[in-house]
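Pasted below: input-v2.cif, mmCIF, C-alpha atoms.
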```
data_entry
#
loop_
_atom_site.label_atom_id
_atom_site.label_comp_id
_atom_site.auth_asym_id
_atom_site.auth_seq_id
_atom_site.Cartn_x
_atom_site.Cartn_y
_atom_site.Cartn_z
CA MET N 1 -1.52 -18.04 2.16
CA LEU N 2 0.68 -16.97 5.03
CA ASN N 3 3.35 -14.33 4.46
CA SER N 4 1.57 -12.87 1.49
CA GLU N 5 0.33 -9.34 1.10
CA TYR N 6 -2.20 -7.80 -1.23
CA VAL N 7 -2.13 -4.08 -1.96
CA PRO N 8 -4.65 -2.38 -4.24
CA ILE N 9 -3.09 0.39 -6.35
CA LYS N 10 -5.66 3.05 -7.10
CA MET N 11 -3.94 6.33 -6.23
CA GLU N 12 -0.51 7.76 -5.58
CA GLU N 13 -0.83 7.26 -1.80
CA ASP N 14 -1.18 3.50 -2.34
CA LEU N 15 2.45 3.44 -3.48
CA LEU N 16 3.44 4.27 0.11
CA LEU N 17 1.65 1.10 1.17
CA VAL N 18 3.41 -0.85 -1.60
CA ARG N 19 6.76 0.37 -0.32
CA LYS N 20 5.91 -0.30 3.32
CA CYS N 21 4.64 -3.79 2.61
CA VAL N 22 7.72 -4.72 0.54
CA ARG N 23 9.98 -3.34 3.25
CA GLN N 24 8.24 -5.43 5.94
CA LEU N 25 8.40 -8.64 3.92
CA ALA N 26 12.00 -8.00 2.87
CA SER N 27 13.15 -7.38 6.41
CA SER N 28 11.28 -10.44 7.71
CA VAL N 29 13.11 -12.59 5.16
CA GLY N 30 16.42 -11.04 6.18
CA PHE N 31 17.26 -8.72 3.28
CA GLY N 32 20.04 -6.24 3.97
CA VAL N 33 19.63 -2.48 3.60
CA LEU N 34 20.94 -2.41 0.01
CA ASP N 35 18.82 -5.29 -1.28
CA MET N 36 15.81 -3.93 0.54
CA THR N 37 16.25 -0.48 -1.02
CA ARG N 38 16.66 -2.03 -4.47
CA LEU N 39 13.52 -4.11 -4.12
CA MET N 40 11.54 -1.19 -2.66
CA THR N 41 12.63 1.04 -5.54
CA ALA N 42 11.67 -1.59 -8.12
CA ALA N 43 8.30 -2.04 -6.39
CA VAL N 44 7.57 1.69 -6.44
CA GLU N 45 8.55 1.90 -10.15
CA LEU N 46 6.34 -1.05 -11.10
CA GLY N 47 3.54 0.17 -8.86
CA ARG N 48 3.64 3.56 -10.54
CA ASN N 49 3.48 1.88 -13.95
CA THR N 50 0.43 -0.04 -12.76
CA LEU N 51 -1.11 3.25 -11.66
CA ILE N 52 -0.19 5.49 -14.61
CA HIS N 53 -0.08 3.13 -17.59
CA GLY N 54 -2.39 0.40 -16.29
CA LYS N 55 -4.93 2.84 -14.84
CA GLY N 56 -4.76 1.07 -11.49
CA GLY N 57 -4.52 -2.53 -10.37
CA HIS N 58 -2.95 -4.37 -7.50
CA MET N 59 0.24 -5.90 -6.15
CA ARG N 60 0.63 -9.27 -4.51
CA ALA N 61 3.84 -9.83 -2.57
CA VAL N 62 4.81 -13.33 -1.45
CA ILE N 63 7.79 -14.90 0.23
CA VAL N 64 9.09 -17.69 -2.01
CA VAL N 65 11.46 -20.55 -1.28
CA LYS N 66 13.46 -22.51 -3.84
CA ASP N 67 16.19 -25.01 -2.92
CA LYS N 68 16.66 -23.40 0.50
CA ALA N 69 17.03 -19.97 -1.09
CA LYS N 70 14.54 -17.41 0.12
CA GLY N 71 13.20 -14.59 -1.93
CA ILE N 72 10.32 -12.24 -2.52
CA ARG N 73 8.02 -12.35 -5.49
CA LEU N 74 6.13 -9.22 -6.47
CA ASP N 75 3.19 -9.64 -8.76
CA PHE N 76 1.71 -6.52 -10.32
CA GLU N 77 -1.46 -6.77 -12.35
CA ASP N 78 -3.54 -4.17 -14.12
CA ALA N 79 -6.37 -4.13 -16.63
CA GLY N 80 -4.98 -1.28 -18.71
CA PRO N 81 -4.20 -1.08 -22.40
CA GLY N 82 -1.20 -3.43 -22.11
CA ILE N 83 2.29 -3.01 -23.57
CA PRO N 84 2.16 -3.06 -27.40
CA ASP N 85 5.93 -3.31 -27.92
CA LEU N 86 7.76 -4.83 -24.95
CA ASP N 87 11.28 -4.41 -26.40
CA LEU N 88 10.61 -0.74 -26.98
CA ALA N 89 9.13 -0.30 -23.51
CA LEU N 90 12.27 -1.90 -22.02
CA THR N 91 14.56 0.48 -23.92
CA ASP N 92 16.29 2.97 -21.63
CA GLY N 93 14.91 6.41 -22.20
CA TYR N 94 11.80 5.41 -24.10
CA THR N 95 8.62 6.73 -22.52
CA SER N 96 5.03 6.85 -23.68
CA LYS N 97 4.22 9.53 -21.11
CA ASP N 98 6.49 12.24 -19.71
CA GLY N 99 8.59 10.11 -17.37
CA MET N 100 12.31 9.43 -17.68
CA GLY N 101 11.75 6.17 -19.53
CA LEU N 102 13.79 4.21 -17.03
CA GLY N 103 11.11 2.73 -14.77
CA LEU N 104 10.52 -0.64 -16.44
CA SER N 105 14.10 -1.23 -17.60
CA GLY N 106 15.47 0.07 -14.30
CA ALA N 107 13.18 -2.14 -12.24
CA LYS N 108 14.28 -5.11 -14.36
CA ARG N 109 17.90 -4.36 -13.47
CA LEU N 110 17.08 -4.09 -9.77
CA VAL N 111 15.66 -7.62 -9.40
CA ASN N 112 16.89 -11.15 -10.21
CA GLU N 113 13.97 -12.38 -12.27
CA PHE N 114 11.60 -10.30 -14.34
CA THR N 115 8.69 -11.53 -16.43
CA VAL N 116 6.06 -9.59 -18.34
CA ILE N 117 2.90 -11.51 -19.17
CA PRO N 118 0.04 -10.03 -21.20
CA VAL N 119 -3.33 -10.60 -19.56
CA THR N 120 -6.35 -11.44 -21.67
CA PRO N 121 -8.53 -9.63 -22.56
CA ARG N 122 -6.68 -6.55 -21.33
CA GLY N 123 -3.85 -5.65 -19.04
CA VAL N 124 -0.38 -6.64 -18.01
CA ARG N 125 1.03 -8.82 -15.28
CA ILE N 126 4.60 -8.24 -14.21
CA ILE N 127 6.36 -10.71 -11.94
CA ALA N 128 9.58 -9.62 -10.28
CA ILE N 129 11.58 -11.89 -7.98
CA SER N 130 14.49 -10.97 -5.78
CA TRP N 131 16.52 -13.72 -4.12
CA LEU N 132 18.31 -13.32 -0.84
CA ASP N 133 22.04 -13.99 -1.19
CA GLU N 134 23.15 -16.33 1.55
CA MET B 1 -40.70 -21.32 23.02
CA PRO B 2 -36.99 -21.27 23.80
CA GLU B 3 -36.51 -25.00 24.23
CA PRO B 4 -37.78 -26.29 20.90
CA LEU B 5 -35.78 -23.55 19.17
CA ASP B 6 -32.65 -24.66 21.00
CA GLN B 7 -33.28 -28.17 19.79
CA VAL B 8 -33.63 -26.95 16.25
CA LEU B 9 -30.37 -25.05 16.55
CA HIS B 10 -28.58 -28.12 17.86
CA LEU B 11 -30.05 -30.18 15.06
CA ILE B 12 -28.82 -27.66 12.50
CA PHE B 13 -25.37 -27.44 14.07
CA ASP B 14 -25.05 -31.22 14.29
CA GLU B 15 -26.68 -32.41 11.09
CA TYR B 16 -26.85 -29.51 8.70
CA GLN B 17 -23.54 -27.76 9.20
CA GLU B 18 -22.27 -28.72 5.75
CA GLN B 19 -25.46 -27.57 4.12
CA LEU B 20 -25.38 -24.28 6.02
CA LEU B 21 -21.81 -23.63 4.94
CA GLU B 22 -22.54 -24.51 1.32
CA LYS B 23 -25.61 -22.25 1.18
CA TRP B 24 -23.71 -19.41 2.82
CA VAL B 25 -20.74 -19.59 0.43
CA GLU B 26 -23.11 -19.85 -2.54
CA SER B 27 -25.15 -16.85 -1.43
CA GLN B 28 -22.00 -14.75 -1.03
CA LEU B 29 -20.56 -15.79 -4.38
CA HIS B 30 -23.79 -14.84 -6.12
CA SER B 31 -24.63 -11.67 -4.23
CA ASP B 32 -24.49 -8.41 -6.17
CA GLY B 33 -21.81 -6.93 -3.99
CA PHE B 34 -19.38 -9.85 -4.29
CA ARG B 35 -16.13 -8.74 -5.77
CA SER B 36 -14.31 -11.72 -7.16
CA TYR B 37 -11.29 -9.62 -8.06
CA LEU B 38 -10.78 -8.69 -4.40
CA VAL B 39 -11.08 -12.11 -2.82
CA GLN B 40 -10.56 -15.56 -4.32
CA GLU B 41 -13.24 -18.22 -3.99
CA ASP B 42 -11.00 -20.65 -2.10
CA GLU B 43 -10.01 -17.93 0.37
CA LEU B 44 -13.67 -17.07 0.95
CA ARG B 45 -14.55 -20.74 1.36
CA GLU B 46 -11.78 -21.20 3.90
CA GLN B 47 -12.89 -18.16 5.90
CA CYS B 48 -16.54 -19.26 5.86
CA SER B 49 -15.66 -22.78 6.92
CA SER B 50 -13.53 -21.57 9.84
CA PHE B 51 -16.26 -19.15 10.84
CA VAL B 52 -19.05 -21.74 10.88
CA THR B 53 -16.95 -24.25 12.84
CA LEU B 54 -15.98 -21.65 15.42
CA PHE B 55 -19.49 -20.21 15.56
CA VAL B 56 -21.02 -23.57 16.40
CA ASN B 57 -18.25 -24.24 18.88
CA CYS B 58 -18.36 -20.88 20.69
CA PHE B 59 -22.12 -20.64 20.58
CA SER B 60 -22.60 -23.98 22.33
CA LYS B 61 -20.15 -22.91 25.05
CA LYS B 62 -21.68 -19.53 25.72
CA ASN B 63 -24.78 -18.10 24.13
CA HIS B 64 -23.98 -14.49 24.85
CA PRO B 65 -21.18 -13.31 22.54
CA ASP B 66 -18.72 -11.65 24.90
CA MET B 67 -15.74 -11.14 22.61
CA THR B 68 -13.35 -10.72 25.54
CA SER B 69 -14.33 -14.04 27.13
CA ASP B 70 -12.28 -17.20 26.68
CA ALA B 71 -15.19 -18.94 24.98
CA TRP B 72 -15.28 -16.42 22.15
CA ALA B 73 -11.55 -15.71 21.97
CA PRO B 74 -10.89 -17.96 18.91
CA MET B 75 -13.74 -16.22 17.08
CA ALA B 76 -12.31 -12.80 17.97
CA ALA B 77 -8.95 -13.90 16.55
CA LEU B 78 -10.51 -15.18 13.31
CA LEU B 79 -12.58 -12.05 12.79
CA THR B 80 -9.59 -9.82 13.47
CA ASP B 81 -7.65 -11.68 10.80
CA ILE B 82 -10.51 -11.52 8.28
CA ALA B 83 -11.19 -7.82 8.95
CA LYS B 84 -7.50 -6.93 8.54
CA ARG B 85 -7.25 -8.88 5.31
CA ARG B 86 -10.37 -7.29 3.89
CA THR B 87 -9.23 -3.79 4.79
CA ASN B 88 -6.01 -4.40 2.86
CA GLN B 89 -7.91 -6.03 0.02
CA GLY B 90 -9.92 -2.86 -0.45
CA PHE B 91 -13.31 -3.85 0.98
CA THR B 92 -15.50 -1.17 2.56
CA PRO B 93 -16.42 -1.44 6.26
CA SER B 94 -20.00 -2.41 5.31
CA GLU B 95 -18.85 -5.15 2.98
CA THR B 96 -16.56 -6.47 5.70
CA ALA B 97 -19.37 -6.55 8.27
CA THR B 98 -21.81 -8.02 5.75
CA PHE B 99 -19.58 -11.09 5.60
CA VAL B 100 -20.85 -11.94 9.10
CA PHE B 101 -24.41 -10.67 8.63
CA SER B 102 -24.88 -12.68 5.47
CA LEU B 103 -24.85 -15.92 7.48
CA LYS B 104 -28.19 -14.93 8.93
CA ARG B 105 -30.17 -15.61 5.77
CA PRO B 106 -29.15 -19.28 5.27
CA LEU B 107 -29.29 -19.87 9.04
CA PHE B 108 -32.79 -18.36 9.36
CA HIS B 109 -33.84 -20.34 6.36
CA LEU B 110 -32.72 -23.61 7.93
CA ILE B 111 -34.41 -22.72 11.21
CA LYS B 112 -37.61 -22.05 9.32
CA GLU B 113 -37.37 -25.38 7.52
CA GLN B 114 -36.57 -27.40 10.62
CA SER B 115 -38.96 -25.81 13.11
CA GLN B 116 -42.68 -25.53 13.02
CA ALA B 117 -42.39 -21.77 13.35
CA ASP B 118 -44.73 -19.60 11.38
CA ALA B 119 -43.15 -19.03 7.97
CA LYS B 120 -44.61 -15.55 7.70
CA VAL B 121 -43.27 -14.50 11.09
CA THR B 122 -39.74 -15.73 10.36
CA GLU B 123 -39.77 -14.09 6.94
CA ARG B 124 -40.91 -10.80 8.50
CA LEU B 125 -38.27 -11.09 11.26
CA TRP B 126 -35.63 -11.55 8.60
CA GLU B 127 -36.79 -8.43 6.75
CA ILE B 128 -36.76 -6.31 9.89
CA SER B 129 -33.33 -7.58 10.81
CA LEU B 130 -32.07 -6.74 7.31
CA VAL B 131 -33.37 -3.17 7.56
CA LEU B 132 -31.79 -2.62 10.96
CA ASP B 133 -28.47 -4.09 9.82
CA THR B 134 -28.41 -1.79 6.81
CA LEU B 135 -29.15 1.25 8.96
CA GLY B 136 -26.49 0.27 11.47
CA LEU B 137 -23.92 -0.22 8.72
CA PHE B 138 -24.81 3.16 7.27
CA THR B 139 -23.87 4.91 10.52
CA THR B 140 -20.54 3.06 10.55
CA GLU B 141 -19.81 4.17 6.99
CA VAL B 142 -20.57 7.81 7.80
CA TYR B 143 -18.50 7.62 10.95
CA LEU B 144 -15.50 6.27 9.05
CA ALA B 145 -15.89 8.73 6.17
CA THR B 146 -15.85 11.61 8.66
CA ARG B 147 -12.74 10.24 10.30
CA GLU B 148 -11.05 9.87 6.95
CA GLU B 149 -11.81 13.49 6.13
CA VAL B 150 -10.07 14.52 9.33
CA ILE B 151 -7.06 12.37 8.46
CA THR B 152 -6.87 13.82 4.93
CA ARG B 153 -6.99 17.35 6.29
CA GLN B 154 -4.29 16.62 8.84
CA ARG B 155 -2.12 15.09 6.15
CA GLU B 156 -2.45 18.17 4.00
CA GLU B 157 -1.51 20.37 6.93
CA MET B 158 1.49 18.15 7.56
CA PHE B 159 2.54 18.49 3.94
CA GLU B 160 2.77 22.23 4.26
CA LEU B 161 4.61 22.06 7.54
CA SER B 162 7.10 19.55 6.26
CA CYS B 163 8.78 21.58 3.52
CA PRO B 164 10.72 24.21 5.44
CA VAL B 165 13.36 26.26 3.67
CA VAL B 166 15.98 27.25 6.23
CA GLN B 167 18.72 29.82 5.95
CA LEU B 168 21.97 28.09 6.95
CA TRP B 169 24.26 31.02 6.36
CA ASP B 170 24.28 34.32 4.51
CA GLY B 171 23.41 33.30 0.96
CA VAL B 172 23.08 29.58 1.76
CA LEU B 173 19.66 27.94 1.95
CA GLY B 174 18.95 24.45 3.27
CA LEU B 175 16.03 22.35 2.10
CA PRO B 176 15.72 19.12 4.08
CA ILE B 177 13.27 16.73 2.45
CA ILE B 178 11.75 14.03 4.63
CA GLY B 179 9.48 11.31 3.29
CA THR B 180 8.28 10.89 -0.26
CA LEU B 181 8.80 13.49 -2.96
CA ASP B 182 5.64 13.12 -5.00
CA SER B 183 4.23 15.59 -7.52
CA LYS B 184 2.15 17.56 -5.01
CA ARG B 185 4.99 17.82 -2.54
CA THR B 186 7.48 18.86 -5.24
CA GLN B 187 5.18 21.68 -6.22
CA LEU B 188 5.07 22.94 -2.63
CA VAL B 189 8.82 22.53 -2.13
CA MET B 190 9.58 24.35 -5.36
CA GLU B 191 7.27 27.23 -4.57
CA SER B 192 8.65 27.85 -1.11
CA LEU B 193 12.24 27.44 -2.33
CA LEU B 194 11.91 29.88 -5.22
CA GLU B 195 10.15 32.40 -3.01
CA THR B 196 12.86 32.24 -0.35
CA LEU B 197 15.58 32.39 -3.02
CA SER B 198 14.18 35.62 -4.35
CA SER B 199 13.53 37.20 -0.94
CA THR B 200 16.94 36.35 0.53
CA GLN B 201 18.98 36.70 -2.68
CA SER B 202 20.77 33.49 -1.79
CA GLU B 203 23.22 31.99 -4.25
CA ILE B 204 23.51 28.42 -2.94
CA THR B 205 20.81 25.88 -2.07
CA ILE B 206 21.51 22.60 -0.36
CA ILE B 207 18.77 20.01 -0.94
CA ASP B 208 19.16 17.26 1.64
CA ILE B 209 17.54 13.89 0.88
CA THR B 210 18.74 11.95 3.94
CA GLY B 211 15.10 11.49 4.93
CA VAL B 212 13.93 10.20 1.55
CA PRO B 213 13.63 6.41 1.82
CA VAL B 214 13.61 5.59 -1.90
CA VAL B 215 14.78 7.57 -4.92
CA ASP B 216 12.88 6.20 -7.89
CA THR B 217 12.79 7.69 -11.38
CA LEU B 218 9.94 10.06 -10.56
CA THR B 219 11.64 11.34 -7.40
CA ALA B 220 14.85 11.87 -9.41
CA GLN B 221 12.88 13.72 -12.06
CA HIS B 222 11.30 15.94 -9.41
CA LEU B 223 14.73 16.67 -7.92
CA ILE B 224 16.14 17.60 -11.32
CA ARG B 225 13.20 19.91 -12.00
CA THR B 226 13.57 21.63 -8.64
CA VAL B 227 17.29 22.08 -9.28
CA SER B 228 16.73 23.51 -12.78
CA ALA B 229 14.17 25.99 -11.47
CA ALA B 230 16.59 27.16 -8.77
CA GLN B 231 19.39 27.43 -11.34
CA LEU B 232 17.19 29.58 -13.57
CA MET B 233 17.01 31.98 -10.67
CA GLY B 234 20.77 32.10 -10.55
CA ALA B 235 21.27 29.80 -7.57
CA ARG B 236 23.69 26.91 -7.39
CA CYS B 237 22.33 23.63 -6.06
CA ILE B 238 23.96 20.89 -4.06
CA ILE B 239 22.13 17.65 -3.34
CA SER B 240 23.29 16.08 -0.09
CA GLY B 241 22.40 13.07 2.00
CA ILE B 242 22.78 10.43 -0.69
CA ARG B 243 23.24 7.23 1.29
CA PRO B 244 25.34 4.34 -0.12
CA GLN B 245 22.32 2.11 -0.83
CA ILE B 246 20.51 4.97 -2.58
CA ALA B 247 23.59 5.68 -4.72
CA GLN B 248 23.88 2.03 -5.78
CA THR B 249 20.18 1.74 -6.50
CA MET B 250 20.25 4.89 -8.64
CA VAL B 251 23.14 3.51 -10.68
CA HIS B 252 21.23 0.28 -11.39
CA LEU B 253 18.09 2.20 -12.14
CA GLY B 254 20.10 4.17 -14.68
CA VAL B 255 19.17 7.51 -13.17
CA SER B 256 21.67 10.35 -13.13
CA LEU B 257 21.19 13.74 -11.57
CA GLY B 258 22.98 15.48 -14.45
CA ASP B 259 25.82 17.81 -13.52
CA VAL B 260 24.40 18.72 -10.12
CA VAL B 261 26.99 18.73 -7.32
CA THR B 262 26.19 15.91 -4.90
CA LYS B 263 27.58 15.23 -1.45
CA SER B 264 27.04 12.32 0.90
CA THR B 265 26.34 14.46 3.96
CA MET B 266 24.87 17.84 4.74
CA ALA B 267 28.16 18.75 6.51
CA ALA B 268 30.14 18.12 3.32
CA ALA B 269 27.66 20.25 1.40
CA ILE B 270 27.99 23.15 3.85
CA LYS B 271 31.78 22.92 3.59
CA TYR B 272 31.52 23.04 -0.20
CA ALA B 273 29.19 26.05 0.03
CA PHE B 274 31.66 27.89 2.27
CA GLU B 275 34.52 27.15 -0.13
CA PHE B 276 32.43 28.48 -2.97
CA GLN B 277 31.83 31.68 -1.04
CA GLY B 278 35.51 31.98 -0.16
CA LEU B 279 34.87 31.35 3.52
CA GLU B 280 36.84 29.19 5.93
CA VAL B 281 35.96 27.90 9.36
CA ASN B 282 38.83 28.29 11.82
CA PRO B 283 39.22 27.69 15.55
CA ILE B 284 39.37 30.89 17.60
CA ASN B 285 42.97 31.71 18.52
CA LYS B 286 43.29 31.97 22.23
#
```

Starting from the file, lay out its structure as structure tokens.
Amino acid sequence: MLNSEYVPIKMEEDLLLVRKCVRQLASSVGFGVLDMTRLMTAAVELGRNTLIHGKGGHMRAVIVVKDKAKGIRLDFEDAGPGIPDLDLALTDGYTSKDGMGLGLSGAKRLVNEFTVIPVTPRGVRIIAISWLDE
Amino acid sequence: MPEPLDQVLHLIFDEYQEQLLEKWVESQLHSDGFRSYLVQEDELREQCSSFVTLFVNCFSKKNHPDMTSDAWAPMAALLTDIAKRRTNQGFTPSETATFVFSLKRPLFHLIKEQSQADAKVTERLWEISLVLDTLGLFTTEVYLATREEVITRQREEMFELSCPVVQLWDGVLGLPIIGTLDSKRTQLVMESLLETLSSTQSEITIIDITGVPVVDTLTAQHLIRTVSAAQLMGARCIISGIRPQIAQTMVHLGVSLGDVVTKSTMAAAIKYAFEFQGLEVNPINK
């Protein structure tokens, strides 16, 4: 359970906490400024999706280790309406609200691994992993 | 009758510790206020188990709970950890404190079972203790809510202070943005910028984002909107202070700022503004 953080996402201010928490974990693992900024940006995008489309939820951030490689896994979960068409949602420029339509696809490009899992009965879980390049 | 009660306590601590823990965990899992989505059962179980072990340990060393003493130091550390976790997990102060208070019921129950104490008296004592705990927790909640109000007010005041529009030169405005550019802030920034543009008749605005830690799609959208509003009023906009890591992140995100002039530093932006105005900075000839 050590080195894991839980952040509830209920309002816009919570995204500051998301960013701060990701920054702390990333710097403790040894991420450089660029990788840290990329991961923080992805976290804020996904967190905002959780807030706006998922009507609130939470983020879990954990340090992960695989074959000596260190990374950070971000786990966003909401109990919103879910994503009816994932391919469409991942299309650059497509938006169901009035955003730029780049949040989900952009966040995917900013991390190494990106998985979207529907949650039953409602909601979405998005897992994003960023590995530290040694 | 302090001595028999002490014996009962020792008996409970020695023989019934497991049972106490089990009852306590059960009662928390089944209480109305338990929020399974905030804390997992195994985490709760682990916290309860550590608490009971330490409680028995510290209590036998020193009856009076002095949290600064060596005897109670491990307990202070555990509670600090639990309280911090619960704050981040979204528990209220009362719920956090109730974690400790809720041990009383199973403990009192065991004492009642093991001692010859009057069942009615112990039951009544429990009720009184519950009432007082609830009242005490209520004052804590009010105290914290009041403090939070103060913090919210201060934050709002800070918001207004933190969007200054400065006149850098005749016809050149500077708008340094520090922190996060959310919807509320953008509204404030835009209002004060447009007002100053109209009152000073400036033709160039430099928006500096050196102090913005992350430019996500919403921040970019807010920037573009601010720029378009300024352009509608006939002003030219330059966005400065785009750091290398921000530039790279924006490219991967797929965000572009349209045809807005961008510069890496405020100095470069000022130079550009001077060129646009046909001005040149020269050393004084001596």

How close does chain N get to chain B? List, as CSV, each residue of chain N within 7 Å, its nearest atom pair and the distance in Å to one decimal, counting only C-alpha atoms.
```
residue,atom,partner,partner_atom,distance
N:Tyr6,CA,B:Gln89,CA,6.1
N:Val7,CA,B:Asn88,CA,6.2
N:Pro8,CA,B:Gln89,CA,6.5
N:Val33,CA,B:Gln245,CA,6.9
N:Leu34,CA,B:Gln245,CA,4.8
N:Thr37,CA,B:Gln245,CA,6.6
N:Arg38,CA,B:Thr249,CA,5.5
N:Thr41,CA,B:Asp216,CA,5.7
N:Glu45,CA,B:Asp216,CA,6.5
N:Gly99,CA,B:Leu218,CA,6.9
N:Met100,CA,B:Thr217,CA,6.6
N:Leu102,CA,B:Thr217,CA,6.7
N:Gly103,CA,B:Thr217,CA,6.2
N:Gly106,CA,B:Leu253,CA,4.0
N:Ala107,CA,B:Leu253,CA,6.6
N:Arg109,CA,B:His252,CA,6.1
N:Leu110,CA,B:His252,CA,6.2
```

- Item | From N:Leu74, N:Leu17, N:Ala61, N:Ile83, residue lying nearest N:Leu46 [all atoms listed in the file] | N:Leu74

- Task: I need the residue set behind the PyMOL selection byres ((chain N and resi 25) around 12) for this file; please write it as an MDAnalysis selection string.
- Result: chainID N and resid 2:6 18:24 26:32 36 39:40 60:64 70:74 130 132

- Query: Got a sec to resolve the PyMOL selection byres ((chain N and resi 112) around 6) on this structure and send the residues as a list of chain:residue names?
  - Reply: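 Applying the PyMOL selection byres ((chain N and resi 112) around 6) to the structure shown produces N:Val111, N:Glu113, N:Ile129, N:Ser130.
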
Exercise: N:Val119 partners within 12 Å, all atoms listed in the file, chain neighbours under 2 positions left out, as a PDB file with C-alpha atoms, in the coordinates of the input:
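Final file, selection-v7.pdb:
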```
ATOM      1  CA  GLY N  54      -2.390   0.400 -16.290  1.00  0.00           C
ATOM      2  CA  PHE N  76       1.710  -6.520 -10.320  1.00  0.00           C
ATOM      3  CA  GLU N  77      -1.460  -6.770 -12.350  1.00  0.00           C
ATOM      4  CA  ASP N  78      -3.540  -4.170 -14.120  1.00  0.00           C
ATOM      5  CA  ALA N  79      -6.370  -4.130 -16.630  1.00  0.00           C
ATOM      6  CA  GLY N  80      -4.980  -1.280 -18.710  1.00  0.00           C
ATOM      7  CA  PRO N  81      -4.200  -1.080 -22.400  1.00  0.00           C
ATOM      8  CA  GLY N  82      -1.200  -3.430 -22.110  1.00  0.00           C
ATOM      9  CA  ILE N  83       2.290  -3.010 -23.570  1.00  0.00           C
ATOM     10  CA  VAL N 116       6.060  -9.590 -18.340  1.00  0.00           C
ATOM     11  CA  ILE N 117       2.900 -11.510 -19.170  1.00  0.00           C
ATOM     12  CA  PRO N 121      -8.530  -9.630 -22.560  1.00  0.00           C
ATOM     13  CA  ARG N 122      -6.680  -6.550 -21.330  1.00  0.00           C
ATOM     14  CA  GLY N 123      -3.850  -5.650 -19.040  1.00  0.00           C
ATOM     15  CA  VAL N 124      -0.380  -6.640 -18.010  1.00  0.00           C
ATOM     16  CA  ARG N 125       1.030  -8.820 -15.280  1.00  0.00           C
ATOM     17  CA  ILE N 126       4.600  -8.240 -14.210  1.00  0.00           C
TER      18      ILE N 126
END
```

- atom CA of B:Leu181 and atom CA of B:Thr219 are how many Å apart?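 Separating atom CA of B:Leu181 from atom CA of B:Thr219 is a distance of 5.7 Å.
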
- Query: Interatomic distance between atom CA of B:Thr139 and atom CA of B:Glu157?
  - Reply: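 Answer for the atom CA of B:Thr139 to atom CA of B:Glu157 separation: 27.4 Å.
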
- How many Å separate atom CA of N:Met59 from atom CA of N:Gly47?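 Value for the atom CA of N:Met59-atom CA of N:Gly47 distance: 7.4 Å.
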
- Task: Name the residues that the PyMOL selection byres ((chain B and resi 193) around 9) picks from the file above, as a list in words, using the file's chain letters and numbers.
- Result: Cys163, Pro164, Val165, Leu173, Leu175, Leu188, Val189, Met190, Glu191, Ser192, Leu194, Glu195, Thr196, Leu197, Ser198, Thr205, Thr226 and Ala230 of chain B

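Using all atoms listed in the file for every distance, the candidate list N:Met11, N:Ala128, N:Ile52, N:Val44 yields N:Ile52 as the residue closest to N:Asp98.
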
Report as JSON the centre and the edge lengths, in Å to one decimal, of the axis-aligned box holding every listed atom of stretch 140-152 of chain B, padded by 3 Å on each side.
```
{"center_x": -13.7, "center_y": 8.8, "center_z": 7.9, "size_x": 19.7, "size_y": 17.5, "size_z": 12.0}
```

- Message: Measuring between only C-alpha atoms, which one of B:Ser102, B:Pro93, B:Ala145, B:Ala267 shows the shortest distance to B:Gly174?
- Response: B:Ala267

Residues within 7 Å of B:Val172, please, as a CSV table (one decimal) with C-alpha atoms, in the coordinates of the input. Count all atoms listed in the file; anything in the same chain fewer than 5 positions from it doesn't count.
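Wrote it out as selection20.csv, contents follow:
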```csv
chain,number,residue,atom,x,y,z
B,167,GLN,CA,18.7,29.8,6.0
B,202,SER,CA,20.8,33.5,-1.8
B,203,GLU,CA,23.2,32.0,-4.2
B,204,ILE,CA,23.5,28.4,-2.9
B,205,THR,CA,20.8,25.9,-2.1
```

- Proximity to N:Leu86 - best of N:Leu104, N:His58, N:Asp133, N:Ala43, all atoms listed in the file: N:Leu104

- Item | Spatial neighbours of stretch 21-30 of chain B, 8 Å, all atoms listed in the file, chain gap at least 5 places, as an MDAnalysis selection string | chainID B and resid 36 41 44:45 48:49 52 99 102:103 106

- List every protein, DNA or RNA residue that has at least one atom no more than 12 Å from (-24.2, -27.6, 9.3) in the file's coordinates, counting all atoms listed in the file, and write the result as number ranges by chain. B: 8-24, 48-49, 51-57, 103, 106-107, 110-111

- May I ask which of the residues B:Thr92, B:Ser256, B:Ser50, B:Thr122 is the closest one to B:Pro74, counting only C-alpha atoms?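 Answer, going by the shortest atom-to-atom distance: B:Ser50.
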
- Task: Measuring atom to atom with only C-alpha atoms, identify which of N:Ile9, N:Ala42, N:Leu51, N:Leu88 is nearest to N:Phe114.
- Result: N:Ala42

- Message: Which residues are near B:Val261? Cut-off 8 Å, all atoms listed in the file, ignore same chain within fewer than 6 positions. Put them as a ChimeraX atom specification.
- Response: /B:237-239

Selected residues written out, C-alpha atoms, as a PDB file, in the coordinates of the input:
```
ATOM      1  CA  CYS B 237      22.330  23.630  -6.060  1.00  0.00           C
ATOM      2  CA  ILE B 238      23.960  20.890  -4.060  1.00  0.00           C
ATOM      3  CA  ILE B 239      22.130  17.650  -3.340  1.00  0.00           C
TER       4      ILE B 239
END
```
